[in-house]
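The file upload-v7.tsv contains TSV, C-alpha atoms and all ligand atoms:
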chain	number	residue	atom	x	y	z
B	1	MET	CA	-53.72	29.10	-14.92
B	2	SER	CA	-54.26	29.94	-18.58
B	3	ALA	CA	-54.48	33.50	-19.89
B	4	MET	CA	-57.89	35.18	-20.27
B	5	VAL	CA	-57.00	36.33	-23.80
B	6	CYS	CA	-54.34	34.74	-25.97
B	7	LEU	CA	-53.62	35.95	-29.49
B	8	GLN	CA	-51.19	33.86	-31.52
B	9	HIS	CA	-49.76	35.48	-34.66
B	10	VAL	CA	-53.06	37.18	-35.42
B	11	THR	CA	-53.34	39.11	-38.69
B	12	LYS	CA	-56.47	40.83	-39.99
B	13	GLU	CA	-56.66	42.23	-43.51
B	14	PHE	CA	-59.52	44.19	-45.05
B	15	THR	CA	-59.90	44.31	-48.80
B	16	ALA	CA	-61.75	47.17	-50.45
B	17	GLY	CA	-61.61	46.94	-54.25
B	18	LYS	CA	-57.98	46.38	-55.20
B	19	GLN	CA	-56.63	47.71	-51.91
B	20	THR	CA	-55.77	45.54	-48.96
B	21	VAL	CA	-55.28	47.09	-45.52
B	22	ARG	CA	-53.50	45.06	-42.85
B	23	ALA	CA	-55.27	46.46	-39.78
B	24	VAL	CA	-53.65	43.96	-37.39
B	25	ASP	CA	-50.27	42.56	-38.36
B	26	ASP	CA	-48.94	39.38	-36.73
B	27	VAL	CA	-49.91	40.24	-33.16
B	28	SER	CA	-49.16	37.78	-30.35
B	29	LEU	CA	-50.40	38.81	-26.92
B	30	GLU	CA	-51.39	37.26	-23.60
B	31	ILE	CA	-53.73	39.04	-21.21
B	32	GLU	CA	-53.76	37.39	-17.80
B	33	ARG	CA	-56.86	36.68	-15.77
B	34	GLY	CA	-57.61	39.50	-13.32
B	35	GLU	CA	-55.41	42.19	-14.87
B	36	ILE	CA	-56.26	45.53	-16.42
B	37	PHE	CA	-54.51	45.59	-19.76
B	38	GLY	CA	-54.18	48.73	-21.88
B	39	VAL	CA	-53.83	48.93	-25.65
B	40	ILE	CA	-52.64	52.34	-26.78
B	41	GLY	CA	-52.01	53.73	-30.25
B	42	TYR	CA	-52.84	56.60	-32.56
B	43	SER	CA	-55.93	56.60	-34.75
B	44	GLY	CA	-55.67	53.87	-37.38
B	45	ALA	CA	-53.11	51.81	-35.42
B	46	GLY	CA	-55.49	48.84	-35.32
B	47	LYS	CA	-56.80	49.01	-31.73
B	48	SER	CA	-60.50	48.69	-32.51
B	49	THR	CA	-59.87	45.84	-34.93
B	50	LEU	CA	-57.88	44.07	-32.22
B	51	VAL	CA	-60.81	44.42	-29.81
B	52	ARG	CA	-63.25	43.16	-32.43
B	53	LEU	CA	-61.03	40.12	-32.92
B	54	ILE	CA	-61.08	39.43	-29.16
B	55	ASN	CA	-64.86	39.83	-29.15
B	56	ALA	CA	-65.19	37.59	-32.23
B	57	LEU	CA	-66.95	40.36	-34.14
B	58	GLU	CA	-64.18	39.88	-36.72
B	59	SER	CA	-62.40	36.66	-37.58
B	60	PRO	CA	-58.64	36.77	-38.22
B	61	THR	CA	-57.20	36.39	-41.72
B	62	SER	CA	-54.57	34.18	-40.06
B	63	GLY	CA	-53.57	33.23	-36.54
B	64	THR	CA	-55.55	32.04	-33.54
B	65	VAL	CA	-57.63	33.75	-30.83
B	66	VAL	CA	-58.14	31.91	-27.53
B	67	ILE	CA	-60.55	33.33	-24.94
B	68	ASP	CA	-60.69	31.88	-21.44
B	69	GLY	CA	-58.99	28.72	-22.65
B	70	GLU	CA	-61.31	28.21	-25.65
B	71	THR	CA	-60.13	28.63	-29.22
B	72	ILE	CA	-62.72	30.82	-30.94
B	73	THR	CA	-61.11	31.01	-34.36
B	74	GLY	CA	-63.04	29.03	-36.97
B	75	ARG	CA	-66.24	28.77	-34.91
B	76	THR	CA	-69.71	29.29	-36.36
B	77	GLU	CA	-71.89	32.22	-35.24
B	78	ARG	CA	-73.96	29.82	-33.19
B	79	GLN	CA	-70.90	28.40	-31.44
B	80	LEU	CA	-69.62	31.91	-30.74
B	81	ARG	CA	-72.74	33.08	-28.92
B	82	PRO	CA	-71.92	31.55	-25.50
B	83	VAL	CA	-68.34	32.91	-25.72
B	84	ARG	CA	-69.60	36.45	-26.49
B	85	ALA	CA	-72.02	36.24	-23.57
B	86	ARG	CA	-68.98	36.02	-21.28
B	87	ILE	CA	-67.50	39.24	-22.69
B	88	GLY	CA	-68.84	42.69	-21.77
B	89	PHE	CA	-68.30	45.70	-24.01
B	90	ILE	CA	-68.46	49.45	-23.32
B	91	PHE	CA	-68.23	52.12	-26.00
B	92	GLN	CA	-67.14	55.72	-26.41
B	93	GLN	CA	-70.68	56.82	-27.37
B	94	PHE	CA	-72.34	54.64	-24.68
B	95	ASN	CA	-74.79	53.05	-27.21
B	96	LEU	CA	-77.77	53.21	-24.84
B	97	LEU	CA	-81.32	52.67	-26.07
B	98	GLY	CA	-82.95	56.11	-25.90
B	99	SER	CA	-86.47	54.68	-25.73
B	100	ARG	CA	-85.75	52.60	-22.60
B	101	THR	CA	-85.22	53.72	-19.04
B	102	VAL	CA	-81.92	53.26	-17.25
B	103	ALA	CA	-83.30	50.07	-15.67
B	104	GLY	CA	-84.61	48.94	-19.09
B	105	ASN	CA	-81.16	49.40	-20.64
B	106	VAL	CA	-79.43	47.41	-17.90
B	107	ALA	CA	-82.11	44.70	-18.12
B	108	TYR	CA	-81.77	44.39	-21.89
B	109	PRO	CA	-79.06	41.69	-22.04
B	110	LEU	CA	-80.92	39.76	-19.33
B	111	ARG	CA	-84.11	39.80	-21.46
B	112	VAL	CA	-82.09	38.53	-24.42
B	113	ALA	CA	-80.74	35.77	-22.15
B	114	ARG	CA	-84.38	35.04	-21.11
B	115	TRP	CA	-83.96	35.68	-17.40
B	116	PRO	CA	-87.31	35.54	-15.56
B	117	LYS	CA	-88.73	38.94	-14.52
B	118	GLU	CA	-88.11	38.65	-10.78
B	119	ARG	CA	-84.47	37.58	-11.10
B	120	ARG	CA	-83.96	40.25	-13.74
B	121	GLU	CA	-85.28	43.02	-11.51
B	122	ALA	CA	-83.18	41.91	-8.57
B	123	ARG	CA	-80.06	41.83	-10.76
B	124	VAL	CA	-80.76	45.28	-12.23
B	125	ALA	CA	-81.21	46.75	-8.73
B	126	GLU	CA	-77.93	45.19	-7.63
B	127	LEU	CA	-76.07	46.54	-10.68
B	128	LEU	CA	-77.48	50.05	-10.36
B	129	GLU	CA	-76.43	50.13	-6.75
B	130	PHE	CA	-72.93	49.00	-7.70
B	131	VAL	CA	-72.55	51.86	-10.21
B	132	GLY	CA	-74.24	54.39	-7.89
B	133	LEU	CA	-77.35	55.05	-9.99
B	134	SER	CA	-80.17	53.43	-7.98
B	135	ASP	CA	-82.04	56.76	-7.91
B	136	LYS	CA	-81.94	57.09	-11.72
B	137	ALA	CA	-83.59	53.74	-12.54
B	138	ARG	CA	-86.74	55.32	-14.02
B	139	GLN	CA	-84.98	58.10	-15.95
B	140	TYR	CA	-84.14	58.03	-19.66
B	141	PRO	CA	-80.60	58.27	-21.07
B	142	ASP	CA	-81.04	61.81	-22.39
B	143	GLN	CA	-81.74	62.99	-18.81
B	144	LEU	CA	-78.26	61.81	-17.74
B	145	SER	CA	-74.77	63.33	-17.89
B	146	GLY	CA	-72.06	61.64	-19.97
B	147	GLY	CA	-70.49	60.05	-16.89
B	148	GLN	CA	-73.87	58.70	-15.74
B	149	LYS	CA	-74.53	57.29	-19.22
B	150	GLN	CA	-71.23	55.45	-19.12
B	151	ARG	CA	-72.10	54.07	-15.67
B	152	VAL	CA	-75.29	52.68	-17.20
B	153	GLY	CA	-73.16	51.25	-20.02
B	154	ILE	CA	-70.93	49.56	-17.45
B	155	ALA	CA	-73.91	48.17	-15.50
B	156	ARG	CA	-75.38	46.79	-18.72
B	157	ALA	CA	-72.04	45.26	-19.78
B	158	LEU	CA	-71.78	43.52	-16.39
B	159	ALA	CA	-75.39	42.25	-16.34
B	160	THR	CA	-74.59	38.66	-17.29
B	161	SER	CA	-71.45	38.58	-15.07
B	162	PRO	CA	-68.81	38.43	-17.81
B	163	GLY	CA	-65.26	37.50	-16.85
B	164	LEU	CA	-63.84	39.92	-19.43
B	165	LEU	CA	-64.77	43.55	-20.10
B	166	LEU	CA	-63.59	45.39	-23.21
B	167	ALA	CA	-63.57	49.18	-22.93
B	168	ASP	CA	-63.03	50.83	-26.32
B	169	GLU	CA	-62.24	54.55	-25.78
B	170	ALA	CA	-64.79	54.41	-22.95
B	171	THR	CA	-63.81	57.78	-21.50
B	172	SER	CA	-62.86	59.66	-24.66
B	173	ALA	CA	-66.15	61.61	-24.73
B	174	LEU	CA	-65.88	62.65	-21.06
B	175	ASP	CA	-64.25	65.60	-19.30
B	176	PRO	CA	-61.18	64.88	-17.10
B	177	GLU	CA	-63.05	64.80	-13.77
B	178	THR	CA	-65.79	62.49	-15.04
B	179	THR	CA	-63.11	60.37	-16.71
B	180	ARG	CA	-61.48	59.89	-13.30
B	181	ASP	CA	-64.82	58.76	-11.76
B	182	VAL	CA	-65.43	56.25	-14.54
B	183	LEU	CA	-61.86	54.93	-14.30
B	184	ASP	CA	-62.31	54.52	-10.52
B	185	LEU	CA	-65.50	52.56	-11.19
B	186	LEU	CA	-63.66	50.33	-13.68
B	187	ARG	CA	-61.00	49.71	-11.06
B	188	ARG	CA	-63.74	48.56	-8.64
B	189	VAL	CA	-65.12	46.29	-11.37
B	190	ASN	CA	-61.67	44.74	-11.51
B	191	THR	CA	-60.86	44.49	-7.79
B	192	GLU	CA	-64.34	43.78	-6.34
B	193	LEU	CA	-65.78	41.61	-9.11
B	194	GLY	CA	-62.53	40.11	-10.39
B	195	VAL	CA	-63.28	41.06	-13.99
B	196	THR	CA	-60.34	41.17	-16.44
B	197	ILE	CA	-60.44	44.48	-18.32
B	198	VAL	CA	-58.95	45.44	-21.68
B	199	VAL	CA	-58.79	49.21	-22.07
B	200	ILE	CA	-58.35	50.68	-25.54
B	201	SER	CA	-57.27	54.30	-25.50
B	202	HIS	CA	-55.30	56.95	-27.33
B	203	GLU	CA	-54.67	58.70	-23.99
B	204	MET	CA	-51.60	57.66	-22.03
B	205	SER	CA	-53.04	59.31	-18.89
B	206	VAL	CA	-55.91	56.77	-18.92
B	207	VAL	CA	-53.49	53.88	-19.26
B	208	SER	CA	-51.15	55.17	-16.55
B	209	TYR	CA	-54.02	55.68	-14.09
B	210	LEU	CA	-55.76	52.36	-14.62
B	211	CYS	CA	-53.67	49.67	-16.24
B	212	ASP	CA	-51.24	47.07	-14.93
B	213	ARG	CA	-49.72	46.35	-18.32
B	214	VAL	CA	-49.85	48.02	-21.71
B	215	ALA	CA	-49.26	47.18	-25.36
B	216	VAL	CA	-48.36	50.01	-27.74
B	217	MET	CA	-49.69	49.59	-31.28
B	218	GLU	CA	-48.44	51.22	-34.45
B	219	ALA	CA	-49.45	50.31	-38.02
B	220	GLY	CA	-51.15	47.10	-36.92
B	221	LYS	CA	-48.21	45.82	-34.86
B	222	VAL	CA	-47.58	45.69	-31.14
B	223	VAL	CA	-44.28	47.59	-31.02
B	224	GLU	CA	-43.79	47.57	-27.25
B	225	GLU	CA	-45.37	45.75	-24.34
B	226	GLY	CA	-44.78	45.53	-20.61
B	227	ASP	CA	-45.83	46.69	-17.16
B	228	VAL	CA	-46.92	50.32	-17.20
B	229	TYR	CA	-44.21	51.69	-14.92
B	230	THR	CA	-41.40	50.06	-16.92
B	231	ILE	CA	-42.82	51.28	-20.21
B	232	PHE	CA	-43.23	54.81	-18.82
B	233	SER	CA	-39.82	54.98	-17.18
B	234	SER	CA	-37.82	53.45	-20.04
B	235	PRO	CA	-39.77	53.56	-23.31
B	236	GLN	CA	-37.91	51.95	-26.20
B	237	GLN	CA	-39.95	53.13	-29.20
B	238	PRO	CA	-40.36	56.70	-30.52
B	239	VAL	CA	-44.16	56.30	-30.65
B	240	THR	CA	-44.19	55.32	-26.96
B	241	ARG	CA	-42.04	58.33	-26.06
B	242	ARG	CA	-44.50	60.61	-27.85
B	243	PHE	CA	-47.41	59.17	-25.87
B	244	ILE	CA	-45.57	59.51	-22.58
B	245	ALA	CA	-44.68	63.13	-23.27
B	246	THR	CA	-48.41	63.87	-23.63
B	247	ALA	CA	-49.14	62.31	-20.24
B	248	LEU	CA	-46.29	63.73	-18.17
B	249	HIS	CA	-45.83	67.37	-19.37
B	250	ASP	CA	-42.85	67.49	-17.03
B	251	ARG	CA	-39.99	68.62	-19.26
B	252	PRO	CA	-39.52	72.23	-20.35
B	253	GLY	CA	-39.82	72.90	-24.08
B	254	PRO	CA	-37.28	75.11	-25.92
B	255	ASP	CA	-39.26	78.32	-25.29
B	256	VAL	CA	-39.43	77.68	-21.57
B	257	VAL	CA	-35.72	76.77	-21.40
B	258	GLN	CA	-34.93	80.05	-23.11
B	259	ARG	CA	-36.96	82.06	-20.61
B	260	LEU	CA	-35.53	80.15	-17.64
B	261	ARG	CA	-32.00	80.87	-18.82
B	262	GLU	CA	-32.83	84.53	-19.28
B	263	ARG	CA	-34.36	84.80	-15.85
B	264	HIS	CA	-31.92	82.81	-13.69
B	265	ARG	CA	-28.25	83.26	-12.98
B	266	GLY	CA	-27.47	79.58	-12.24
B	267	ARG	CA	-27.21	76.56	-14.55
B	268	ILE	CA	-30.52	75.05	-15.63
B	269	VAL	CA	-30.60	71.24	-15.33
B	270	THR	CA	-33.38	68.62	-15.40
B	271	PHE	CA	-33.14	65.46	-13.27
B	272	GLY	CA	-35.40	62.47	-13.96
B	273	VAL	CA	-37.37	61.30	-10.93
B	274	ARG	CA	-37.70	57.51	-10.77
B	275	ASP	CA	-38.76	55.03	-8.14
B	276	GLY	CA	-35.90	54.97	-5.60
B	277	HIS	CA	-33.75	57.54	-7.45
B	278	GLY	CA	-33.97	61.27	-7.83
B	279	SER	CA	-36.40	61.53	-4.89
B	280	GLY	CA	-36.59	64.80	-2.95
B	281	THR	CA	-34.48	63.48	-0.04
B	282	PHE	CA	-31.83	62.00	-2.31
B	283	LEU	CA	-31.55	65.24	-4.29
B	284	SER	CA	-31.21	67.48	-1.24
B	285	GLU	CA	-28.55	65.16	0.19
B	286	GLN	CA	-26.56	65.39	-3.02
B	287	PHE	CA	-26.92	69.18	-3.20
B	288	ARG	CA	-25.63	69.48	0.37
B	289	ALA	CA	-22.74	67.06	-0.20
B	290	HIS	CA	-21.61	69.03	-3.27
B	291	ARG	CA	-22.18	72.50	-1.75
B	292	VAL	CA	-24.64	73.40	-4.53
B	293	ASP	CA	-27.86	75.37	-4.07
B	294	GLY	CA	-30.74	73.98	-6.11
B	295	SER	CA	-34.06	75.74	-6.62
B	296	ILE	CA	-36.88	74.08	-8.54
B	297	VAL	CA	-37.91	76.17	-11.54
B	298	TYR	CA	-40.04	73.65	-13.49
B	299	GLY	CA	-41.26	70.08	-13.23
B	300	GLY	CA	-43.92	67.47	-12.72
B	301	ILE	CA	-44.15	64.13	-10.95
B	302	THR	CA	-46.88	61.59	-11.65
B	303	ASP	CA	-47.83	58.63	-9.54
B	304	ILE	CA	-47.93	55.42	-11.59
B	305	GLY	CA	-48.87	52.27	-9.72
B	306	ALA	CA	-47.86	53.99	-6.45
B	307	LYS	CA	-44.40	54.83	-7.83
B	308	PRO	CA	-43.23	58.35	-8.69
B	309	LEU	CA	-42.23	59.24	-12.24
B	310	GLY	CA	-41.38	62.57	-13.84
B	311	SER	CA	-38.64	65.15	-13.62
B	312	LEU	CA	-37.61	68.28	-11.79
B	313	THR	CA	-35.73	71.16	-13.39
B	314	PHE	CA	-33.42	73.15	-11.14
B	315	GLU	CA	-31.44	76.32	-11.19
B	316	LEU	CA	-28.09	75.19	-9.74
B	317	VAL	CA	-25.86	77.76	-8.05
B	318	GLY	CA	-22.34	76.87	-6.93
B	319	THR	CA	-18.80	76.84	-8.24
B	320	GLU	CA	-18.41	75.28	-11.67
B	321	VAL	CA	-16.31	72.44	-10.20
B	322	ASP	CA	-18.94	71.65	-7.54
B	323	VAL	CA	-21.85	71.72	-10.00
B	324	ASP	CA	-19.91	69.49	-12.43
B	325	ALA	CA	-19.17	67.02	-9.64
B	326	LEU	CA	-22.86	66.97	-8.65
B	327	LEU	CA	-23.89	66.24	-12.23
B	328	VAL	CA	-21.39	63.37	-12.49
B	329	THR	CA	-22.90	61.79	-9.34
B	330	MET	CA	-26.48	62.38	-10.49
B	331	ARG	CA	-25.80	60.77	-13.88
B	332	GLU	CA	-24.99	57.54	-12.04
B	333	HIS	CA	-28.53	57.50	-10.63
B	334	THR	CA	-30.87	59.12	-13.12
B	335	ASP	CA	-31.10	60.89	-16.47
B	336	VAL	CA	-29.72	64.42	-16.49
B	337	VAL	CA	-30.38	67.09	-19.13
B	338	GLU	CA	-28.24	70.22	-19.09
B	339	TYR	CA	-29.46	73.41	-20.74
B	340	GLY	CA	-26.53	75.71	-19.93
B	341	GLY	CA	-25.97	78.85	-17.92
B	342	PRO	CA	-27.64	82.25	-17.90
B	343	LEU	CA	-28.54	84.06	-21.13
B	344	THR	CA	-28.97	87.75	-21.53
B	345	PRO	CA	-31.79	88.65	-23.93
B	346	THR	CA	-29.19	90.00	-26.40
B	347	ASP	CA	-27.53	86.54	-26.57
B	348	THR	CA	-30.65	85.01	-27.96
B	349	THR	CA	-31.59	84.25	-31.51
B	350	VAL	CA	-35.26	83.94	-30.60
B	351	ASP	CA	-37.06	87.28	-30.36
B	352	GLU	CA	-39.17	88.24	-27.36
B	353	ALA	CA	-42.44	87.72	-29.15
B	354	THR	CA	-41.54	84.06	-29.70
B	355	ALA	CA	-40.38	83.62	-26.13
B	356	ASP	CA	-43.63	85.11	-24.85
B	357	ALA	CA	-45.66	82.80	-27.03
B	358	ALA	CA	-45.04	79.79	-24.75
B	359	THR	CA	-48.19	77.78	-24.18
B	360	ASP	CA	-50.51	78.16	-21.20
B	361	ASP	CA	-49.43	74.72	-20.09
B	362	ASP	CA	-45.84	75.89	-19.90
B	363	ALA	CA	-46.84	78.96	-17.94
B	364	ARG	CA	-48.90	76.94	-15.47
B	365	VAL	CA	-46.14	74.57	-14.37
B	366	GLU	CA	-43.30	77.00	-14.46
B	367	VAL	CA	-42.44	78.10	-10.95
B	368	ALA	CA	-42.33	81.89	-10.76
B	369	ARG	CA	-39.37	83.25	-8.88
P	401	LIG	N1	-64.12	47.20	-41.98
P	401	LIG	C1	-62.99	47.76	-42.47
P	401	LIG	N2	-62.79	47.81	-43.82
P	401	LIG	C2	-61.67	48.36	-44.32
P	401	LIG	N3	-60.67	48.89	-43.58
P	401	LIG	C3	-60.81	48.87	-42.24
P	401	LIG	C4	-61.98	48.30	-41.61
P	401	LIG	N4	-61.83	48.41	-40.27
P	401	LIG	C5	-60.65	49.03	-40.06
P	401	LIG	N5	-60.03	49.28	-41.25
P	401	LIG	C6	-58.72	49.92	-41.43
P	401	LIG	O1	-57.79	49.26	-40.57
P	401	LIG	C7	-56.88	50.18	-39.97
P	401	LIG	C8	-57.00	50.07	-38.44
P	401	LIG	O2	-58.27	50.56	-38.03
P	401	LIG	P1	-58.78	50.53	-36.51
P	401	LIG	O3	-60.14	51.15	-36.48
P	401	LIG	O4	-58.61	49.18	-35.97
P	401	LIG	O5	-57.72	51.50	-35.83
P	401	LIG	P2	-57.82	52.24	-34.42
P	401	LIG	O6	-56.44	52.22	-33.87
P	401	LIG	O7	-58.90	51.66	-33.61
P	401	LIG	O8	-58.18	53.70	-34.85
P	401	LIG	P3	-59.40	54.61	-34.31
P	401	LIG	O9	-59.02	54.98	-32.92
P	401	LIG	O10	-59.39	55.77	-35.26
P	401	LIG	O11	-60.62	53.76	-34.43
P	401	LIG	C9	-57.25	51.55	-40.51
P	401	LIG	O12	-56.41	51.81	-41.61
P	401	LIG	C10	-58.70	51.37	-40.96
P	401	LIG	O13	-59.00	52.25	-42.01
I need this file expressed as structure tokens, please.
Ligand SMILES: Nc1ncnc2c1ncn2[C@@H]1O[C@H](COP(=O)(O)OP(=O)(O)OP(=O)(O)O)[C@@H](O)[C@H]1O
Amino acid sequence: MSAMVCLQHVTKEFTAGKQTVRAVDDVSLEIERGEIFGVIGYSGAGKSTLVRLINALESPTSGTVVIDGETITGRTERQLRPVRARIGFIFQQFNLLGSRTVAGNVAYPLRVARWPKERREARVAELLEFVGLSDKARQYPDQLSGGQKQRVGIARALATSPGLLLADEATSALDPETTRDVLDLLRRVNTELGVTIVVISHEMSVVSYLCDRVAVMEAGKVVEEGDVYTIFSSPQQPVTRRFIATALHDRPGPDVVQRLRERHRGRIVTFGVRDGHGSGTFLSEQFRAHRVDGSIVYGGITDIGAKPLGSLTFELVGTEVDVDALLVTMREHTDVVEYGGPLTPTDTTVDEATADAATDDDARVEVAR
């Protein structure tokens, strides 16, 4: 079975005056049929250009793009039309027609494809039911919430039953709860309709919630690629680590470490929580075996593809020998970060004002004792 999207050494350069920008730089990528594939990167990394190359809205400066087994590089506009018809697209700003009703927007691609009225109406009704907006058919886009607008966008993108859906920052304009609803709908599009989805995002939380695999882009290149859990649990590139830190929020920053050490008499230590290692049961067994008391003082665990990932920070109380022995054992199973023993405020070089200035996020996850 061939891949749904195959990029072979694809480069795209833009020239403006004397300056040439290499927006996509020698990217080779395979996106399998039926998967949800994420492309993540900071602004300017080349994500949108990559999507426009997949959608044949741009042609590569060099390299080859193959969609659903067909090479699209070098085709004329006319030859590209049937390929584009098999690709759906949803956008950050929804791009709905304000002068048409919800039903009119969803029907639009079917009109362009010259579907007869009766078939068109039946298809629109089916699509609106799928996205949960049957009761909004006669309303106009400006009467809808952001999440509802994106549902209309999804229904419209699916109208002609594409095998591939490209979602470019599709949830970036939505609040977290609405984002979750739209991501759940995209998951249904994938599992119930079998549509392959490419998700472009600058938010690692979107990728971790939805995607099977992810490619990380930086300066036009794919710098890291793999299944989401592996990338999250052992990122190789600094840019990937920065993205993951924004999604997990599980490790205490220097201010929080300082306050924890001032407040607790034991040693403060973070243990990574991975699939199969560092789980609650495993940790309590190890604490018991080493005669160490461990109380959680900070942490966060996220579920990625039904596997746990994150870390827990403990105050460890026991003899120095016992705690050291525990840490030796734990290092064999997971990553361990030691922050040291108790601090009295007079030991510190950071003044109280700085310590108090920890962010709200820090305060929220810190466990008060
Ligand atoms: N039509 C164009 N003409 C000139 N330069 C362009 C063009 N399109 C993109 N670029 C440049 O290519 C680089 C990659 O842009 P691209 O929009 O693909 O990045 P991105 O990762 O999608 O960022 P963003 O999330 O901000 O859209 C940027 O330096 C951008 O300025």
Between atom CA of Leu97 of chain B and atom CA of Gly41 of chain B, what is the spacing in Å?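 One can read the atom CA of Gly41 of chain B to atom CA of Leu97 of chain B distance as 29.6 Å.
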Of the listed residues B:Gly46, B:Gly63, B:Pro342, B:Gly220, that which approaches ligand LIG 401 (chain P) most closely, counting all atoms listed in the file: B:Gly46
What residues have any atom no more than 10 Å from ligand LIG 401 (chain P) when counting all atoms listed in the file, and can you list them as a PyMOL selection string? chain B and resi 12-16+19-24+39-53+58+168-169+200-202+217-220
Residues of segment 211-279 of chain B at most 12 Å from segment 296-302 of chain B: nearest atom pair and distance in Å, all atoms listed in the file, as a Markdown table:
| residue | atom | partner | partner_atom | distance |
| --- | --- | --- | --- | --- |
| B:Tyr229 | CA | B:Thr302 | CA | 10.8 |
| B:Phe232 | CA | B:Thr302 | CA | 10.5 |
| B:Ser233 | CA | B:Thr302 | CA | 11.1 |
| B:Ile244 | CA | B:Thr302 | CA | 11.2 |
| B:Ala245 | CA | B:Gly300 | CA | 11.4 |
| B:Ala247 | CA | B:Thr302 | CA | 8.9 |
| B:Leu248 | CA | B:Thr302 | CA | 6.9 |
| B:His249 | CA | B:Gly300 | CA | 6.9 |
| B:Asp250 | CA | B:Gly300 | CA | 4.4 |
| B:Arg251 | CA | B:Gly299 | CA | 6.3 |
| B:Pro252 | CA | B:Tyr298 | CA | 7.0 |
| B:Gly253 | CA | B:Tyr298 | CA | 10.6 |
| B:Val256 | CA | B:Tyr298 | CA | 9.0 |
| B:Val257 | CA | B:Tyr298 | CA | 9.5 |
| B:Arg259 | CA | B:Val297 | CA | 10.9 |
| B:Leu260 | CA | B:Val297 | CA | 7.7 |
| B:Arg261 | CA | B:Val297 | CA | 10.5 |
| B:Arg263 | CA | B:Val297 | CA | 10.3 |
| B:His264 | CA | B:Val297 | CA | 9.2 |
| B:Gly266 | CA | B:Val297 | CA | 11.0 |
| B:Arg267 | CA | B:Val297 | CA | 11.1 |
| B:Ile268 | CA | B:Val297 | CA | 8.5 |
| B:Val269 | CA | B:Val297 | CA | 9.6 |
| B:Thr270 | CA | B:Gly299 | CA | 8.3 |
| B:Phe271 | CA | B:Gly299 | CA | 9.3 |
| B:Gly272 | CA | B:Ile301 | CA | 9.4 |
| B:Val273 | CA | B:Ile301 | CA | 7.3 |
| B:Arg274 | CA | B:Ile301 | CA | 9.2 |
| B:Asp275 | CA | B:Ile301 | CA | 10.9 |
| B:Gly278 | CA | B:Ile301 | CA | 11.0 |
| B:Ser279 | CA | B:Ile301 | CA | 10.2 |
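For the pair atom CA of Ala113 of chain B and atom CA of Ala125 of chain B, the separation is 17.3 Å.
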Rounded to one decimal in Å, what is the spacing between atom CA of Asp68 of chain B and atom CA of Met204 of chain B?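 Computing the Euclidean distance for atom CA of Asp68 of chain B and atom CA of Met204 of chain B yields 27.3 Å.
Nearest residue to Lys221 of chain B among B:Ser28, B:Ser2, B:Asn190, B:Thr160 is B:Ser28, counting all atoms listed in the file.
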Using all atoms listed in the file, which of the listed residues (B:Val102, B:Val222, B:Leu57, B:Leu164) sits closest to His9 of chain B?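 The answer is B:Val222, which sits nearest to His9 of chain B.
Nearest-residue note for Phe89 of chain B: choosing from B:Arg288, B:Arg180, B:Arg156, B:Arg213, the minimum distance belongs to B:Arg156, counting all atoms listed in the file.
All protein and nucleic acid residues in the vicinity of (-72.2, 54.1, -3.9), that is within 12 Å when counting all atoms listed in the file, are Glu126, Leu127, Leu128, Glu129, Phe130, Val131, Gly132, Leu133, Ser134, Asp135, Arg151, Asp181, Asp184, Leu185 and Arg188 of chain B.
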Written file, previous selection with C-alpha atoms, as an mmCIF file, in the frame of the given file:
data_model
loop_
_atom_site.group_PDB
_atom_site.id
_atom_site.type_symbol
_atom_site.label_atom_id
_atom_site.label_comp_id
_atom_site.auth_asym_id
_atom_site.auth_seq_id
_atom_site.Cartn_x
_atom_site.Cartn_y
_atom_site.Cartn_z
ATOM 1 C CA GLU B 126 -77.930 45.190 -7.630
ATOM 2 C CA LEU B 127 -76.070 46.540 -10.680
ATOM 3 C CA LEU B 128 -77.480 50.050 -10.360
ATOM 4 C CA GLU B 129 -76.430 50.130 -6.750
ATOM 5 C CA PHE B 130 -72.930 49.000 -7.700
ATOM 6 C CA VAL B 131 -72.550 51.860 -10.210
ATOM 7 C CA GLY B 132 -74.240 54.390 -7.890
ATOM 8 C CA LEU B 133 -77.350 55.050 -9.990
ATOM 9 C CA SER B 134 -80.170 53.430 -7.980
ATOM 10 C CA ASP B 135 -82.040 56.760 -7.910
ATOM 11 C CA ARG B 151 -72.100 54.070 -15.670
ATOM 12 C CA ASP B 181 -64.820 58.760 -11.760
ATOM 13 C CA ASP B 184 -62.310 54.520 -10.520
ATOM 14 C CA LEU B 185 -65.500 52.560 -11.190
ATOM 15 C CA ARG B 188 -63.740 48.560 -8.640
#
